[in-house]
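Asks: I'm passing along coords.cif; it holds mmCIF, C-alpha atoms.
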data_my_file
#
loop_
_atom_site.label_atom_id
_atom_site.label_comp_id
_atom_site.auth_asym_id
_atom_site.auth_seq_id
_atom_site.Cartn_x
_atom_site.Cartn_y
_atom_site.Cartn_z
CA MET A 1 10.51 1.18 -15.95
CA MET A 2 13.87 2.40 -14.67
CA LEU A 3 15.16 5.91 -15.26
CA LYS A 4 18.50 6.24 -16.94
CA GLN A 5 20.52 7.82 -14.20
CA SER A 6 24.15 8.15 -13.27
CA LYS A 7 25.56 6.10 -10.41
CA THR A 8 25.72 9.23 -8.29
CA GLN A 9 22.04 10.04 -8.84
CA LEU A 10 21.06 6.47 -8.10
CA SER A 11 23.07 6.52 -4.88
CA LEU A 12 21.29 9.69 -3.78
CA ILE A 13 17.89 8.10 -4.41
CA ILE A 14 18.87 4.95 -2.51
CA ALA A 15 20.09 7.05 0.41
CA LEU A 16 16.86 9.01 0.37
CA GLY A 17 14.81 5.84 0.33
CA LEU A 18 16.71 4.34 3.24
CA MET A 19 16.91 7.46 5.41
CA ILE A 20 13.41 8.85 4.87
CA LEU A 21 11.09 6.18 3.50
CA THR A 22 12.23 3.37 5.75
CA HIS A 23 11.81 5.61 8.77
CA ILE A 24 8.37 6.90 7.80
CA GLY A 25 6.92 3.76 6.25
CA PHE A 26 8.16 1.25 8.79
CA VAL A 27 7.07 3.35 11.76
CA ILE A 28 3.62 3.68 10.20
CA TYR A 29 3.56 -0.09 9.66
CA LYS A 30 4.50 -0.77 13.27
CA LYS A 31 2.31 1.85 14.93
CA TYR A 32 -1.07 0.89 13.54
CA GLN A 33 -3.50 0.28 16.42
CA PRO A 34 -7.26 -0.41 16.40
CA LEU A 35 -9.35 2.75 16.26
CA PRO A 36 -12.70 3.30 18.01
CA GLU A 37 -15.87 3.36 15.94
CA VAL A 38 -16.33 6.70 14.20
CA PRO A 39 -19.61 8.18 12.87
CA GLU A 40 -19.91 7.70 9.13
CA GLN A 41 -19.60 11.38 8.27
CA LYS A 42 -16.27 11.52 10.07
CA VAL A 43 -14.91 8.34 8.57
CA THR A 44 -14.49 10.11 5.24
CA HIS A 45 -11.74 12.22 6.78
CA CYS A 46 -9.60 9.50 8.28
CA GLY A 47 -8.21 6.29 6.94
CA SER A 48 -6.90 3.00 8.15
CA ALA A 49 -5.99 -0.49 7.02
CA LYS A 50 -8.16 -3.56 7.57
CA ALA A 51 -4.94 -5.56 7.56
CA PHE A 52 -4.02 -3.95 10.87
CA GLY A 53 -7.43 -4.24 12.52
CA LEU A 54 -8.62 -0.73 11.71
CA ILE A 55 -11.94 0.58 10.45
CA SER A 56 -12.49 1.07 6.73
CA PRO A 57 -13.46 4.62 5.64
CA LYS A 58 -15.18 5.68 2.47
CA GLU A 59 -12.97 5.82 -0.59
CA LYS A 60 -12.25 8.72 -2.90
CA HIS A 61 -10.99 8.02 -6.40
CA PHE A 62 -9.85 11.14 -8.19
CA GLN A 63 -7.61 12.77 -10.78
CA VAL A 64 -5.68 16.02 -10.71
CA ALA A 65 -3.92 18.16 -13.29
CA SER A 66 -0.96 19.28 -11.19
CA VAL A 67 1.07 18.60 -8.06
CA LYS A 68 -0.30 21.83 -6.61
CA GLU A 69 -3.86 20.53 -7.01
CA LEU A 70 -2.83 17.19 -5.51
CA ASP A 71 -1.32 18.89 -2.45
CA SER A 72 -4.54 20.88 -2.10
CA VAL A 73 -6.58 17.65 -1.96
CA PHE A 74 -4.30 16.29 0.74
CA ARG A 75 -4.67 19.49 2.78
CA ASP A 76 -8.46 19.35 2.47
CA TRP A 77 -8.37 15.83 3.91
CA ASP A 78 -5.91 16.87 6.63
CA TYR A 79 -3.48 14.28 5.33
CA ASP A 80 0.25 14.61 5.92
CA LEU A 81 2.99 12.11 6.68
CA LYS A 82 3.74 13.50 10.13
CA LYS A 83 0.13 12.97 11.23
CA ALA A 84 -0.01 9.56 9.55
CA LYS A 85 3.11 8.57 11.47
CA SER A 86 1.85 9.74 14.85
CA GLU A 87 -1.83 8.73 14.59
CA GLY A 88 -1.77 5.82 12.13
CA LYS A 89 -4.43 7.46 9.95
CA VAL A 90 -4.18 7.36 6.18
CA PRO A 91 -7.10 8.74 4.13
CA ARG A 92 -8.30 6.44 1.37
CA LEU A 93 -7.44 8.79 -1.47
CA TYR A 94 -6.81 6.84 -4.65
CA LEU A 95 -5.20 8.90 -7.38
CA SER A 96 -5.64 7.24 -10.78
CA LYS A 97 -2.57 8.81 -12.40
CA LEU A 98 0.32 11.00 -11.29
CA PRO A 99 0.16 14.58 -12.60
CA LYS A 100 2.51 15.25 -15.50
CA ASP A 101 4.29 18.13 -13.80
CA MET A 102 5.57 15.81 -11.05
CA ARG A 103 8.42 14.78 -13.34
CA ARG A 104 9.64 18.39 -13.31
CA LYS A 105 9.58 18.74 -9.54
CA SER A 106 12.61 18.57 -7.27
CA ARG A 107 13.01 16.17 -4.38
CA ALA A 108 10.79 18.53 -2.40
CA SER A 109 7.84 16.74 -4.05
CA ASN A 110 8.88 13.35 -2.63
CA PRO A 111 6.50 13.61 0.37
CA THR A 112 3.62 14.16 -2.07
CA PHE A 113 4.68 11.08 -4.02
CA ILE A 114 4.77 9.04 -0.81
CA GLN A 115 1.36 10.34 0.28
CA THR A 116 -0.03 9.34 -3.12
CA LEU A 117 1.25 5.78 -3.04
CA LEU A 118 0.66 4.90 0.63
CA PRO A 119 -3.15 4.40 0.38
CA HIS A 120 -2.62 2.09 -2.62
CA ILE A 121 0.00 0.07 -0.75
CA LEU A 122 -2.27 -0.32 2.27
CA GLU A 123 -5.14 -1.43 0.04
CA VAL A 124 -2.99 -4.15 -1.51
CA ASN A 125 -1.83 -5.23 1.95
CA GLU A 126 -5.45 -5.56 3.04
CA GLN A 127 -6.14 -7.98 0.20
CA ILE A 128 -2.99 -9.93 1.00
CA PHE A 129 -4.00 -10.04 4.66
CA ALA A 130 -7.45 -11.36 3.73
CA ASP A 131 -5.95 -14.01 1.45
CA ARG A 132 -3.55 -15.11 4.16
CA ALA A 133 -6.35 -15.32 6.73
CA ARG A 134 -8.29 -17.53 4.35
CA LEU A 135 -5.25 -19.77 3.85
CA LEU A 136 -4.77 -20.12 7.61
CA GLU A 137 -8.42 -21.10 8.01
CA MET A 138 -8.01 -23.75 5.30
CA ARG A 139 -4.88 -25.12 6.91
CA GLU A 140 -6.60 -25.39 10.29
CA ARG A 141 -9.53 -27.19 8.70
CA GLN A 142 -7.25 -29.65 6.91
CA ARG A 143 -5.35 -30.38 10.12
CA SER A 144 -8.67 -31.11 11.81
CA GLY A 145 -9.49 -33.70 9.15
CA GLY A 146 -11.68 -31.46 6.99
CA HIS A 147 -11.60 -31.18 3.21
CA LEU A 148 -11.46 -28.27 0.81
CA ARG A 149 -14.31 -27.51 -1.55
CA GLN A 150 -13.72 -27.53 -5.29
CA SER A 151 -14.14 -23.74 -5.44
CA GLU A 152 -11.44 -23.39 -2.79
CA LYS A 153 -9.07 -25.62 -4.74
CA MET A 154 -9.64 -23.44 -7.81
CA TRP A 155 -8.92 -20.34 -5.72
CA LEU A 156 -5.67 -21.90 -4.49
CA MET A 157 -4.61 -22.58 -8.08
CA LYS A 158 -5.30 -18.98 -9.06
CA LEU A 159 -3.43 -17.68 -6.03
CA ALA A 160 -0.46 -19.89 -6.87
CA ALA A 161 -0.46 -18.49 -10.41
CA ASP A 162 -0.66 -14.90 -9.11
CA TYR A 163 2.33 -15.47 -6.83
CA ARG A 164 4.17 -17.65 -9.35
CA CYS A 165 4.26 -20.42 -6.80
CA LYS A 166 4.91 -23.89 -8.22
CA SER A 167 2.66 -25.55 -5.66
CA SER A 168 -0.96 -24.72 -4.87
CA LYS A 169 -0.78 -26.42 -1.48
CA VAL A 170 -1.82 -24.24 1.46
CA ASP A 171 1.48 -24.57 3.34
CA SER A 172 3.47 -23.63 0.25
CA LEU A 173 1.33 -20.58 -0.43
CA LEU A 174 1.64 -19.38 3.17
CA MET A 175 5.37 -19.00 2.54
CA HIS A 176 4.61 -16.45 -0.19
CA VAL A 177 1.38 -14.71 0.79
CA ASP A 178 2.22 -12.12 3.43
CA VAL A 179 1.84 -8.36 3.84
CA ILE A 180 4.59 -6.11 2.50
CA PRO A 181 6.13 -3.43 4.76
CA PRO A 182 5.07 -0.07 3.27
CA SER A 183 8.67 1.16 3.61
CA LEU A 184 9.87 -1.56 1.25
CA ALA A 185 7.18 -0.86 -1.34
CA LEU A 186 7.77 2.89 -1.14
CA SER A 187 11.54 2.53 -1.49
CA GLN A 188 11.12 0.33 -4.55
CA ALA A 189 8.69 2.82 -6.09
CA MET A 190 11.10 5.68 -5.42
CA LEU A 191 13.93 3.82 -7.10
CA GLU A 192 11.94 2.75 -10.14
CA THR A 193 10.34 6.14 -10.82
CA GLY A 194 12.83 8.59 -9.38
CA GLY A 195 10.22 9.86 -6.94
CA GLY A 196 7.48 10.17 -9.55
CA LYS A 197 9.64 11.61 -12.33
CA VAL A 198 8.30 8.87 -14.59
CA THR A 199 4.57 9.53 -14.93
CA CYS A 200 2.67 6.33 -14.27
CA SER A 201 -0.35 4.92 -12.48
CA PRO A 202 0.26 4.62 -8.72
CA SER A 203 -1.87 1.49 -8.46
#
Could I get this structure in the form of structure tokens?
Replies:
Amino acid sequence: MMLKQSKTQLSLIIALGLMILTHIGFVIYKKYQPLPEVPEQKVTHCGSAKAFGLISPKEKHFQVASVKELDSVFRDWDYDLKKAKSEGKVPRLYLSKLPKDMRRKSRASNPTFIQTLLPHILEVNEQIFADRARLLEMRERQRSGGHLRQSEKMWLMKLAADYRCKSSKVDSLLMHVDVIPPSLALSQAMLETGGGKVTCSPS
């Protein structure tokens, strides 16, 4: 759903997305490095993406009534964009719905909006990464003279439908199934919701 905005407002949002989101999101995307094993009790306070070879922490699914309460959750988990950028750690905090008062906030709430969406984007990228790894394994097997099982053929058909790909062949799907730079997903979300001004589910 697009907000009805003037050309000037839209230009400001685009500029914001390019100057801030691209910088933050793309650097995070590029800087992910494998982390050492962490005791389970500590894993709940740091996050990472399987798609980038990192450990998977416990998840927290939650709801809040206000942006203030949301910011408080982020502080409790020691989660901010500056730290995420420098350390490559993103807590797995999955907010089910944006608080209603976010639509009344100024652009100062944009970092909160980005923090909210980033774990969801990484989760989707993990699934995409897993699907792509499975496709690569199938392609290698076919090139070695192996055959796909019926269940795998059914999975390929479903994947082709999900990606609206006309062909369910492995090589064709590999052209579509690939991780999405967080900066691109964040910029699109900013444009379509005005930085959370349209209350919607972040997932």
Asks: Of the residues A:Arg75, A:Lys60, A:Lys82, A:His147, which is the one nearest to A:Ser96, using only C-alpha atoms?
Replies: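 With only C-alpha atoms as the atom set, the closest residue is A:Lys60.
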Asks: Have a look at atom CA of A:Lys68 and atom CA of A:Pro99 and let me know their distance in Å, one decimal.
Replies: 9.4 Å
Asks: As an exercise, work out the distance from atom CA of A:Gln115 to atom CA of A:Asp80 in Å and give it to one decimal place.
Replies: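 Atom-to-atom, atom CA of A:Gln115 and atom CA of A:Asp80 are spaced 7.2 Å apart.
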Asks: I'd like to see the residues matched by the PyMOL selection byres ((chain A and resi 113) around 10) on this file, and ideally I'd get them as a list in words.
Replies: Val67, Leu70, Asp71, Leu98, Met102, Arg107, Ala108, Ser109, Asn110, Pro111, Thr112, Ile114, Gln115, Thr116, Leu117, Leu118, Leu186, Ala189, Met190, Gly195, Gly196, Lys197 and Pro202 of chain A
Asks: Which residue gives the smallest distance to A:Val170 among A:Met154, A:Met138, A:Leu191, A:Val90, with all atoms listed in the file counted?
Replies: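 Of A:Met154, A:Met138, A:Leu191, A:Val90, the one nearest A:Val170 is A:Met138, counting all atoms listed in the file.
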Asks: For atom CA of A:Arg132 and atom CA of A:Lys166, determine how far apart the two atoms are, in Å to one decimal place.
Replies: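 Answer for the atom CA of A:Arg132 to atom CA of A:Lys166 separation: 17.4 Å.
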Asks: Given the file shown, enumerate the residues that the PyMOL selection byres ((chain A and resi 174) around 12) captures and present them as a PDB file with C-alpha atoms, keeping the file's coordinate frame.
Replies:
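Output saved as selection.pdb:
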ATOM      1  CA  ILE A 128      -2.990  -9.930   1.000  1.00  0.00           C
ATOM      2  CA  PHE A 129      -4.000 -10.040   4.660  1.00  0.00           C
ATOM      3  CA  ASP A 131      -5.950 -14.010   1.450  1.00  0.00           C
ATOM      4  CA  ARG A 132      -3.550 -15.110   4.160  1.00  0.00           C
ATOM      5  CA  ALA A 133      -6.350 -15.320   6.730  1.00  0.00           C
ATOM      6  CA  ARG A 134      -8.290 -17.530   4.350  1.00  0.00           C
ATOM      7  CA  LEU A 135      -5.250 -19.770   3.850  1.00  0.00           C
ATOM      8  CA  LEU A 136      -4.770 -20.120   7.610  1.00  0.00           C
ATOM      9  CA  GLU A 137      -8.420 -21.100   8.010  1.00  0.00           C
ATOM     10  CA  MET A 138      -8.010 -23.750   5.300  1.00  0.00           C
ATOM     11  CA  ARG A 139      -4.880 -25.120   6.910  1.00  0.00           C
ATOM     12  CA  LEU A 156      -5.670 -21.900  -4.490  1.00  0.00           C
ATOM     13  CA  LEU A 159      -3.430 -17.680  -6.030  1.00  0.00           C
ATOM     14  CA  ALA A 160      -0.460 -19.890  -6.870  1.00  0.00           C
ATOM     15  CA  TYR A 163       2.330 -15.470  -6.830  1.00  0.00           C
ATOM     16  CA  CYS A 165       4.260 -20.420  -6.800  1.00  0.00           C
ATOM     17  CA  SER A 167       2.660 -25.550  -5.660  1.00  0.00           C
ATOM     18  CA  SER A 168      -0.960 -24.720  -4.870  1.00  0.00           C
ATOM     19  CA  LYS A 169      -0.780 -26.420  -1.480  1.00  0.00           C
ATOM     20  CA  VAL A 170      -1.820 -24.240   1.460  1.00  0.00           C
ATOM     21  CA  ASP A 171       1.480 -24.570   3.340  1.00  0.00           C
ATOM     22  CA  SER A 172       3.470 -23.630   0.250  1.00  0.00           C
ATOM     23  CA  LEU A 173       1.330 -20.580  -0.430  1.00  0.00           C
ATOM     24  CA  MET A 175       5.370 -19.000   2.540  1.00  0.00           C
ATOM     25  CA  HIS A 176       4.610 -16.450  -0.190  1.00  0.00           C
ATOM     26  CA  VAL A 177       1.380 -14.710   0.790  1.00  0.00           C
ATOM     27  CA  ASP A 178       2.220 -12.120   3.430  1.00  0.00           C
ATOM     28  CA  VAL A 179       1.840  -8.360   3.840  1.00  0.00           C
TER      29      VAL A 179
END
Asks: Considering only C-alpha atoms, return as an MDAnalysis selection string whatever protein or nucleic-acid residues lie within 10 Å of A:Ile180, sequence-local ones (same chain, fewer than 3 positions apart) excluded.
Replies: chainID A and resid 29 121:122 124:125 128:129 177 183:185
Asks: Can I get stretch 154-185 of chain A with N, CA and C atoms filled in, as a PDB file, in the frame of the given file?
Replies:
ATOM      1  N   MET A 154      -9.815 -24.318  -6.646  1.00  0.00           N
ATOM      2  CA  MET A 154      -9.640 -23.440  -7.810  1.00  0.00           C
ATOM      3  C   MET A 154      -9.023 -22.116  -7.385  1.00  0.00           C
ATOM      4  N   TRP A 155      -9.472 -21.595  -6.238  1.00  0.00           N
ATOM      5  CA  TRP A 155      -8.920 -20.340  -5.720  1.00  0.00           C
ATOM      6  C   TRP A 155      -7.440 -20.499  -5.393  1.00  0.00           C
ATOM      7  N   LEU A 156      -7.077 -21.632  -4.814  1.00  0.00           N
ATOM      8  CA  LEU A 156      -5.670 -21.900  -4.490  1.00  0.00           C
ATOM      9  C   LEU A 156      -4.823 -21.942  -5.755  1.00  0.00           C
ATOM     10  N   MET A 157      -5.347 -22.514  -6.819  1.00  0.00           N
ATOM     11  CA  MET A 157      -4.610 -22.580  -8.080  1.00  0.00           C
ATOM     12  C   MET A 157      -4.406 -21.187  -8.657  1.00  0.00           C
ATOM     13  N   LYS A 158      -5.426 -20.355  -8.564  1.00  0.00           N
ATOM     14  CA  LYS A 158      -5.300 -18.980  -9.060  1.00  0.00           C
ATOM     15  C   LYS A 158      -4.297 -18.189  -8.230  1.00  0.00           C
ATOM     16  N   LEU A 159      -4.357 -18.384  -6.918  1.00  0.00           N
ATOM     17  CA  LEU A 159      -3.430 -17.680  -6.030  1.00  0.00           C
ATOM     18  C   LEU A 159      -1.994 -18.113  -6.314  1.00  0.00           C
ATOM     19  N   ALA A 160      -1.794 -19.393  -6.552  1.00  0.00           N
ATOM     20  CA  ALA A 160      -0.460 -19.890  -6.870  1.00  0.00           C
ATOM     21  C   ALA A 160       0.052 -19.267  -8.167  1.00  0.00           C
ATOM     22  N   ALA A 161      -0.837 -19.118  -9.141  1.00  0.00           N
ATOM     23  CA  ALA A 161      -0.460 -18.490 -10.410  1.00  0.00           C
ATOM     24  C   ALA A 161      -0.115 -17.019 -10.201  1.00  0.00           C
ATOM     25  N   ASP A 162      -0.910 -16.325  -9.377  1.00  0.00           N
ATOM     26  CA  ASP A 162      -0.660 -14.900  -9.110  1.00  0.00           C
ATOM     27  C   ASP A 162       0.694 -14.689  -8.449  1.00  0.00           C
ATOM     28  N   TYR A 163       1.068 -15.598  -7.565  1.00  0.00           N
ATOM     29  CA  TYR A 163       2.330 -15.470  -6.830  1.00  0.00           C
ATOM     30  C   TYR A 163       3.467 -16.255  -7.482  1.00  0.00           C
ATOM     31  N   ARG A 164       3.177 -16.849  -8.624  1.00  0.00           N
ATOM     32  CA  ARG A 164       4.170 -17.650  -9.350  1.00  0.00           C
ATOM     33  C   ARG A 164       4.766 -18.727  -8.448  1.00  0.00           C
ATOM     34  N   CYS A 165       3.877 -19.332  -7.695  1.00  0.00           N
ATOM     35  CA  CYS A 165       4.260 -20.420  -6.800  1.00  0.00           C
ATOM     36  C   CYS A 165       4.029 -21.745  -7.517  1.00  0.00           C
ATOM     37  N   LYS A 166       5.013 -22.620  -7.506  1.00  0.00           N
ATOM     38  CA  LYS A 166       4.910 -23.890  -8.220  1.00  0.00           C
ATOM     39  C   LYS A 166       3.861 -24.805  -7.623  1.00  0.00           C
ATOM     40  N   SER A 167       3.624 -24.684  -6.330  1.00  0.00           N
ATOM     41  CA  SER A 167       2.660 -25.550  -5.660  1.00  0.00           C
ATOM     42  C   SER A 167       1.434 -24.740  -5.216  1.00  0.00           C
ATOM     43  N   SER A 168       0.271 -25.367  -5.321  1.00  0.00           N
ATOM     44  CA  SER A 168      -0.960 -24.720  -4.870  1.00  0.00           C
ATOM     45  C   SER A 168      -1.388 -25.237  -3.499  1.00  0.00           C
ATOM     46  N   LYS A 169      -0.480 -25.936  -2.820  1.00  0.00           N
ATOM     47  CA  LYS A 169      -0.780 -26.420  -1.480  1.00  0.00           C
ATOM     48  C   LYS A 169      -0.787 -25.245  -0.496  1.00  0.00           C
ATOM     49  N   VAL A 170      -1.645 -25.341   0.502  1.00  0.00           N
ATOM     50  CA  VAL A 170      -1.820 -24.240   1.460  1.00  0.00           C
ATOM     51  C   VAL A 170      -0.507 -23.869   2.139  1.00  0.00           C
ATOM     52  N   ASP A 171       0.228 -24.855   2.637  1.00  0.00           N
ATOM     53  CA  ASP A 171       1.480 -24.570   3.340  1.00  0.00           C
ATOM     54  C   ASP A 171       2.490 -23.871   2.445  1.00  0.00           C
ATOM     55  N   SER A 172       2.538 -24.264   1.189  1.00  0.00           N
ATOM     56  CA  SER A 172       3.470 -23.630   0.250  1.00  0.00           C
ATOM     57  C   SER A 172       3.078 -22.180  -0.005  1.00  0.00           C
ATOM     58  N   LEU A 173       1.791 -21.931  -0.156  1.00  0.00           N
ATOM     59  CA  LEU A 173       1.330 -20.580  -0.430  1.00  0.00           C
ATOM     60  C   LEU A 173       1.539 -19.653   0.772  1.00  0.00           C
ATOM     61  N   LEU A 174       1.436 -20.209   1.972  1.00  0.00           N
ATOM     62  CA  LEU A 174       1.640 -19.380   3.170  1.00  0.00           C
ATOM     63  C   LEU A 174       3.058 -18.848   3.262  1.00  0.00           C
ATOM     64  N   MET A 175       3.988 -19.482   2.556  1.00  0.00           N
ATOM     65  CA  MET A 175       5.370 -19.000   2.540  1.00  0.00           C
ATOM     66  C   MET A 175       5.522 -17.788   1.625  1.00  0.00           C
ATOM     67  N   HIS A 176       4.536 -17.557   0.769  1.00  0.00           N
ATOM     68  CA  HIS A 176       4.610 -16.450  -0.190  1.00  0.00           C
ATOM     69  C   HIS A 176       3.624 -15.334   0.100  1.00  0.00           C
ATOM     70  N   VAL A 177       2.445 -15.692   0.598  1.00  0.00           N
ATOM     71  CA  VAL A 177       1.380 -14.710   0.790  1.00  0.00           C
ATOM     72  C   VAL A 177       1.517 -14.059   2.158  1.00  0.00           C
ATOM     73  N   ASP A 178       2.056 -12.857   2.183  1.00  0.00           N
ATOM     74  CA  ASP A 178       2.220 -12.120   3.430  1.00  0.00           C
ATOM     75  C   ASP A 178       2.290 -10.633   3.110  1.00  0.00           C
ATOM     76  N   VAL A 179       1.873  -9.805   4.066  1.00  0.00           N
ATOM     77  CA  VAL A 179       1.840  -8.360   3.840  1.00  0.00           C
ATOM     78  C   VAL A 179       3.259  -7.823   3.605  1.00  0.00           C
ATOM     79  N   ILE A 180       3.321  -6.725   2.871  1.00  0.00           N
ATOM     80  CA  ILE A 180       4.590  -6.110   2.500  1.00  0.00           C
ATOM     81  C   ILE A 180       4.773  -4.838   3.334  1.00  0.00           C
ATOM     82  N   PRO A 181       5.900  -4.679   4.026  1.00  0.00           N
ATOM     83  CA  PRO A 181       6.130  -3.430   4.760  1.00  0.00           C
ATOM     84  C   PRO A 181       6.027  -2.234   3.816  1.00  0.00           C
ATOM     85  N   PRO A 182       5.204  -1.236   4.134  1.00  0.00           N
ATOM     86  CA  PRO A 182       5.070  -0.070   3.270  1.00  0.00           C
ATOM     87  C   PRO A 182       6.421   0.570   2.928  1.00  0.00           C
ATOM     88  N   SER A 183       7.365   0.555   3.867  1.00  0.00           N
ATOM     89  CA  SER A 183       8.670   1.160   3.610  1.00  0.00           C
ATOM     90  C   SER A 183       9.369   0.494   2.433  1.00  0.00           C
ATOM     91  N   LEU A 184       9.240  -0.829   2.338  1.00  0.00           N
ATOM     92  CA  LEU A 184       9.870  -1.560   1.250  1.00  0.00           C
ATOM     93  C   LEU A 184       9.221  -1.216  -0.086  1.00  0.00           C
ATOM     94  N   ALA A 185       7.887  -1.192  -0.109  1.00  0.00           N
ATOM     95  CA  ALA A 185       7.180  -0.860  -1.340  1.00  0.00           C
ATOM     96  C   ALA A 185       7.462   0.574  -1.776  1.00  0.00           C
TER      97      ALA A 185
END
